[in-house]
Amino acid sequence: HYAAMALQTCECKRMALQASDEMLALQQVSELILKTHDLDEILLHITHEAKRLLAADICGILLRNGDEIVMRRCVGNQSPKTASLRMSPGQGLAGLVLAQGTASSVDDYISSSTISRDFFYLAEAEAVRSALAAPLLGQEKTIGVLEVWRRHSSTFTDLDKYRLEALANLASIAIENAELYAEQHQMVEHLAVVNKTLSHSYDTVNGISTLTQSLIQVLLEGGGLSD
């Protein structure tokens with residue numbers, strides 16, 4: 001009985017520490033989003049935190065580029081091909097998540113019948129066994145996928161799914177904020193150019209007006225051609 005109580009107490013402490021660690025990680029990502037507009041820095045931080053929180057070996061963020069998703073940031077990979085992945089909807093686990101718009105996982109990547117075989121060769125090169133992916137949901141469509149891979153046999157839990165989805169949501173916010181900031185910055189630059197052009201036009205018109213008034217004054221005073 002005492003042994004059972006001790007085990008239960010240890011498990012409660014472990015879960016409390018995990019929850020605290022998770023909240024701290026999400027808080028740090030949120031603060032980074034508020035403090036910087038450097039999207040590369042934010043995505044790098046998110047991939048490291050996802051890899052750590054989910055005890056994964058590889059983590060990558062793939063962003064939409066037209067009809068495809070392209071690897072934007074990857075950590076823990078051994079093959080350079082992983083860092084340059086391109087997937088269409090339905091290809092691999094990330095392509096499946098892109099098509100469905102919901103998180104999904106596989107316990108054994110190579111033997112899975114739920115995903116296409118397009119990237120089995122790469123999974124073998126990376127010695128990947130299990131994977132979990134969550135969509136990056138924009139206001140109107142899925143804008144990317146956050147995925148983690150493990151090189152050992154495992155089953156991702158509902159808590160793992162929740163953690164990855166939380167980080168994916170923060171990544172979505174960071175991406176949309178960066179796009180909004182870029183649009184605002186571009187608008188400010190455009191307004192600066194317009195203002196400079198208008199100022200130049202005003203100076204030109206003002207100069208012509210001053211010259212015209214001077215010529216009229218000379219004529220009124222009876223000045224000759226030399227004047």
# chains A, B, ... in the order shown; residues from 1 in each chain; ligands from 1
>>> select_by_dssp(residues="range 47-204 of chain A", states="helix (DSSP H, G or I)", output="MDAnalysis selection string")
chainID A and resid 47:53 82:84 92:100 120:126 158:204
>>> closest_residue(among="A:Gln78, A:Thr47, A:Gln213, A:Asn169", to="Val148 in chain A", atoms="only C-alpha atoms")
A:Thr47
>>> residues_around(residues="range 116-125 of chain A", least_positions_apart="3", cutoff="12 Å", atoms="only C-alpha atoms", output="PyMOL selection string")
chain A and resi 58+77-96+106+108-113+128-131+149-151
>>> write_last_selection(atoms="N, CA, C and O atoms", output="short mmCIF file (atom, residue, chain, number, x, y, z; two decimals), in the first residue's frame")
data_model
loop_
_atom_site.label_atom_id
_atom_site.label_comp_id
_atom_site.auth_asym_id
_atom_site.auth_seq_id
_atom_site.Cartn_x
_atom_site.Cartn_y
_atom_site.Cartn_z
N ILE A 58 14.08 14.45 -34.31
CA ILE A 58 14.07 15.41 -35.41
C ILE A 58 12.80 16.25 -35.30
O ILE A 58 11.74 15.74 -34.90
N ASN A 77 18.24 16.54 -37.91
CA ASN A 77 18.33 15.67 -39.09
C ASN A 77 19.77 15.31 -39.40
O ASN A 77 20.71 16.07 -39.10
N GLN A 78 19.96 14.15 -40.03
CA GLN A 78 21.29 13.70 -40.45
C GLN A 78 21.47 13.83 -41.96
O GLN A 78 22.56 14.06 -42.44
N SER A 79 20.37 13.66 -42.69
CA SER A 79 20.43 13.75 -44.14
C SER A 79 20.10 15.18 -44.60
O SER A 79 19.11 15.77 -44.14
N PRO A 80 20.90 15.76 -45.51
CA PRO A 80 20.59 17.10 -46.02
C PRO A 80 19.28 17.13 -46.81
O PRO A 80 18.67 18.19 -46.96
N LYS A 81 18.86 15.96 -47.31
CA LYS A 81 17.60 15.91 -48.06
C LYS A 81 16.40 16.23 -47.17
O LYS A 81 15.39 16.73 -47.65
N THR A 82 16.53 15.92 -45.88
CA THR A 82 15.43 16.22 -44.95
C THR A 82 15.21 17.72 -44.85
O THR A 82 14.08 18.19 -44.75
N ALA A 83 16.30 18.48 -44.87
CA ALA A 83 16.22 19.93 -44.73
C ALA A 83 15.67 20.61 -45.98
O ALA A 83 15.37 21.81 -45.94
N SER A 84 15.55 19.88 -47.08
CA SER A 84 15.03 20.46 -48.33
C SER A 84 13.78 19.73 -48.81
O SER A 84 13.48 19.71 -50.00
N LEU A 85 13.04 19.14 -47.89
CA LEU A 85 11.82 18.40 -48.24
C LEU A 85 10.77 19.29 -48.91
O LEU A 85 10.58 20.44 -48.51
N ARG A 86 10.12 18.74 -49.91
CA ARG A 86 8.97 19.38 -50.54
C ARG A 86 7.88 18.33 -50.64
O ARG A 86 8.12 17.21 -51.10
N MET A 87 6.68 18.66 -50.20
CA MET A 87 5.58 17.70 -50.21
C MET A 87 4.31 18.31 -50.78
O MET A 87 4.03 19.49 -50.56
N SER A 88 3.57 17.49 -51.49
CA SER A 88 2.26 17.89 -51.97
C SER A 88 1.21 17.30 -51.04
O SER A 88 1.50 16.39 -50.26
N PRO A 89 -0.01 17.81 -51.06
CA PRO A 89 -1.07 17.24 -50.21
C PRO A 89 -1.19 15.74 -50.42
O PRO A 89 -1.27 15.26 -51.55
N GLY A 90 -1.18 14.98 -49.32
CA GLY A 90 -1.32 13.53 -49.40
C GLY A 90 0.00 12.79 -49.39
O GLY A 90 0.03 11.58 -49.18
N GLN A 91 1.11 13.48 -49.60
CA GLN A 91 2.42 12.83 -49.61
C GLN A 91 3.01 12.79 -48.21
O GLN A 91 3.17 13.83 -47.57
N GLY A 92 3.35 11.58 -47.73
CA GLY A 92 3.93 11.44 -46.41
C GLY A 92 2.97 11.87 -45.32
O GLY A 92 1.80 12.19 -45.57
N LEU A 93 3.45 11.87 -44.09
CA LEU A 93 2.59 12.25 -42.97
C LEU A 93 2.24 13.74 -43.00
O LEU A 93 1.09 14.12 -42.79
N ALA A 94 3.23 14.59 -43.30
CA ALA A 94 2.97 16.03 -43.37
C ALA A 94 1.98 16.35 -44.49
O ALA A 94 1.12 17.21 -44.33
N GLY A 95 2.11 15.66 -45.62
CA GLY A 95 1.17 15.88 -46.72
C GLY A 95 -0.23 15.44 -46.35
O GLY A 95 -1.23 16.05 -46.76
N LEU A 96 -0.33 14.37 -45.56
CA LEU A 96 -1.64 13.90 -45.09
C LEU A 96 -2.28 14.93 -44.17
O LEU A 96 -3.48 15.23 -44.29
N VAL A 106 2.01 8.29 -36.73
CA VAL A 106 2.25 6.90 -37.12
C VAL A 106 3.22 6.30 -36.12
O VAL A 106 4.19 6.95 -35.71
N ASP A 108 4.84 3.32 -36.63
CA ASP A 108 5.95 2.73 -37.39
C ASP A 108 5.89 3.27 -38.81
O ASP A 108 5.06 2.85 -39.62
N TYR A 109 6.74 4.22 -39.09
CA TYR A 109 6.67 4.96 -40.34
C TYR A 109 6.77 4.05 -41.56
O TYR A 109 6.00 4.16 -42.52
N ILE A 110 7.72 3.13 -41.52
CA ILE A 110 7.99 2.29 -42.69
C ILE A 110 6.85 1.32 -42.99
O ILE A 110 6.51 1.09 -44.16
N SER A 111 6.25 0.77 -41.95
CA SER A 111 5.21 -0.24 -42.17
C SER A 111 3.80 0.35 -42.17
O SER A 111 2.83 -0.39 -42.35
N SER A 112 3.68 1.66 -42.00
CA SER A 112 2.36 2.28 -41.94
C SER A 112 1.64 2.20 -43.28
O SER A 112 2.25 2.40 -44.34
N SER A 113 0.36 1.91 -43.21
CA SER A 113 -0.46 1.84 -44.42
C SER A 113 -1.33 3.09 -44.58
O SER A 113 -2.10 3.21 -45.53
N VAL A 128 14.13 6.66 -38.98
CA VAL A 128 12.91 7.13 -38.31
C VAL A 128 11.96 5.96 -38.07
O VAL A 128 11.77 5.11 -38.94
N ARG A 129 11.36 5.92 -36.88
CA ARG A 129 10.40 4.87 -36.56
C ARG A 129 8.98 5.45 -36.42
O ARG A 129 8.03 4.91 -37.01
N SER A 130 8.82 6.49 -35.61
CA SER A 130 7.49 7.05 -35.37
C SER A 130 7.50 8.55 -35.65
O SER A 130 8.55 9.19 -35.62
N ALA A 131 6.31 9.10 -35.90
CA ALA A 131 6.21 10.52 -36.24
C ALA A 131 4.85 11.08 -35.84
O ALA A 131 3.86 10.35 -35.77
N TRP A 149 9.86 13.60 -35.35
CA TRP A 149 10.16 12.20 -35.64
C TRP A 149 10.99 11.61 -34.50
O TRP A 149 11.84 12.31 -33.92
N ARG A 150 10.76 10.36 -34.20
CA ARG A 150 11.58 9.64 -33.22
C ARG A 150 12.28 8.47 -33.91
O ARG A 150 11.70 7.83 -34.79
N ARG A 151 13.49 8.19 -33.47
CA ARG A 151 14.26 7.10 -34.06
C ARG A 151 14.11 5.79 -33.26
O ARG A 151 14.89 4.87 -33.45
#
>>> closest_residue(among="A:Gln28, A:Asp227, A:Leu180, A:Leu198", to="Leu215 in chain A", atoms="only C-alpha atoms")
A:Asp227
>>> closest_residue(among="A:Asp203, A:Glu189, A:Glu31, A:Glu147", to="Leu63 in chain A", atoms="only C-alpha atoms")
A:Glu147
>>> residues_around(residues="Arg64 in chain A", least_positions_apart="4", cutoff="12 Å", atoms="only C-alpha atoms", output="PyMOL selection string")
chain A and resi 68-72+85-89+94-95+98-99+135-138+141-146+172+175
>>> select_by_dssp(residues="chain A", states="strand (DSSP E)", output="VMD selection string")
chain A and resid 58 to 65 68 to 75 86 to 87 104 to 106 130 to 137 142 to 150
>>> atom_distance(atom1="CA of Lys161 in chain A", atom2="CA of Ser104 in chain A")
8.2 Å
>>> atom_distance(atom1="CA of Gly224 in chain A", atom2="CA of Ile208 in chain A")
20.7 Å
>>> residues_around(residues="Leu54 in chain A", least_positions_apart="2", cutoff="8 Å", atoms="only C-alpha atoms", output="PDB file with all heavy atoms, in the first residue's frame")
ATOM      1  N   ALA A  50       9.834  21.952 -29.508  1.00  0.00           N
ATOM      2  CA  ALA A  50       9.016  20.791 -29.875  1.00  0.00           C
ATOM      3  C   ALA A  50       9.841  19.506 -29.777  1.00  0.00           C
ATOM      4  O   ALA A  50       9.370  18.482 -29.269  1.00  0.00           O
ATOM      5  CB  ALA A  50       8.464  20.965 -31.288  1.00  0.00           C
ATOM      6  N   LYS A  51      11.057  19.563 -30.251  1.00  0.00           N
ATOM      7  CA  LYS A  51      11.956  18.402 -30.187  1.00  0.00           C
ATOM      8  C   LYS A  51      12.210  17.998 -28.740  1.00  0.00           C
ATOM      9  O   LYS A  51      12.203  16.809 -28.398  1.00  0.00           O
ATOM     10  CB  LYS A  51      13.270  18.737 -30.894  1.00  0.00           C
ATOM     11  CG  LYS A  51      14.315  17.628 -30.900  1.00  0.00           C
ATOM     12  CD  LYS A  51      15.520  18.067 -31.725  1.00  0.00           C
ATOM     13  CE  LYS A  51      16.642  17.026 -31.694  1.00  0.00           C
ATOM     14  NZ  LYS A  51      17.287  16.959 -30.374  1.00  0.00           N
ATOM     15  N   ARG A  52      12.396  18.975 -27.870  1.00  0.00           N
ATOM     16  CA  ARG A  52      12.686  18.695 -26.469  1.00  0.00           C
ATOM     17  C   ARG A  52      11.449  18.209 -25.714  1.00  0.00           C
ATOM     18  O   ARG A  52      11.487  17.186 -25.026  1.00  0.00           O
ATOM     19  CB  ARG A  52      13.237  19.961 -25.798  1.00  0.00           C
ATOM     20  CG  ARG A  52      13.653  19.765 -24.347  1.00  0.00           C
ATOM     21  CD  ARG A  52      14.180  21.064 -23.763  1.00  0.00           C
ATOM     22  NE  ARG A  52      13.137  22.069 -23.671  1.00  0.00           N
ATOM     23  CZ  ARG A  52      12.269  22.146 -22.651  1.00  0.00           C
ATOM     24  NH1 ARG A  52      12.323  21.267 -21.658  1.00  0.00           N
ATOM     25  NH2 ARG A  52      11.362  23.105 -22.622  1.00  0.00           N
ATOM     26  N   ALA A  56      11.716  14.020 -29.011  1.00  0.00           N
ATOM     27  CA  ALA A  56      11.897  13.607 -30.405  1.00  0.00           C
ATOM     28  C   ALA A  56      13.363  13.731 -30.804  1.00  0.00           C
ATOM     29  O   ALA A  56      14.170  14.347 -30.114  1.00  0.00           O
ATOM     30  CB  ALA A  56      11.033  14.459 -31.318  1.00  0.00           C
ATOM     31  N   VAL A 148       7.353  16.110 -35.826  1.00  0.00           N
ATOM     32  CA  VAL A 148       8.470  15.550 -35.055  1.00  0.00           C
ATOM     33  C   VAL A 148       8.609  14.073 -35.399  1.00  0.00           C
ATOM     34  O   VAL A 148       7.629  13.396 -35.704  1.00  0.00           O
ATOM     35  CB  VAL A 148       8.267  15.718 -33.533  1.00  0.00           C
ATOM     36  CG1 VAL A 148       8.357  17.174 -33.130  1.00  0.00           C
ATOM     37  CG2 VAL A 148       6.952  15.107 -33.079  1.00  0.00           C
ATOM     38  N   ASP A 160       0.988  14.407 -26.059  1.00  0.00           N
ATOM     39  CA  ASP A 160       1.973  14.778 -27.085  1.00  0.00           C
ATOM     40  C   ASP A 160       1.300  15.573 -28.198  1.00  0.00           C
ATOM     41  O   ASP A 160       1.830  16.592 -28.665  1.00  0.00           O
ATOM     42  CB  ASP A 160       2.627  13.528 -27.675  1.00  0.00           C
ATOM     43  CG  ASP A 160       3.526  12.814 -26.681  1.00  0.00           C
ATOM     44  OD1 ASP A 160       4.096  13.483 -25.809  1.00  0.00           O
ATOM     45  OD2 ASP A 160       3.644  11.578 -26.788  1.00  0.00           O
ATOM     46  N   ARG A 163       0.503  19.104 -27.027  1.00  0.00           N
ATOM     47  CA  ARG A 163       1.693  19.939 -26.965  1.00  0.00           C
ATOM     48  C   ARG A 163       2.109  20.416 -28.348  1.00  0.00           C
ATOM     49  O   ARG A 163       2.437  21.595 -28.543  1.00  0.00           O
ATOM     50  CB  ARG A 163       2.839  19.160 -26.326  1.00  0.00           C
ATOM     51  CG  ARG A 163       2.700  18.947 -24.835  1.00  0.00           C
ATOM     52  CD  ARG A 163       3.756  18.005 -24.327  1.00  0.00           C
ATOM     53  NE  ARG A 163       3.722  17.901 -22.872  1.00  0.00           N
ATOM     54  CZ  ARG A 163       4.368  16.975 -22.180  1.00  0.00           C
ATOM     55  NH1 ARG A 163       5.090  16.066 -22.819  1.00  0.00           N
ATOM     56  NH2 ARG A 163       4.296  16.940 -20.865  1.00  0.00           N
ATOM     57  N   LEU A 164       2.117  19.496 -29.308  1.00  0.00           N
ATOM     58  CA  LEU A 164       2.538  19.868 -30.657  1.00  0.00           C
ATOM     59  C   LEU A 164       1.548  20.846 -31.280  1.00  0.00           C
ATOM     60  O   LEU A 164       1.941  21.789 -31.975  1.00  0.00           O
ATOM     61  CB  LEU A 164       2.680  18.621 -31.534  1.00  0.00           C
ATOM     62  CG  LEU A 164       3.449  18.840 -32.845  1.00  0.00           C
ATOM     63  CD1 LEU A 164       4.909  19.180 -32.538  1.00  0.00           C
ATOM     64  CD2 LEU A 164       3.383  17.615 -33.739  1.00  0.00           C
TER      65      LEU A 164
END
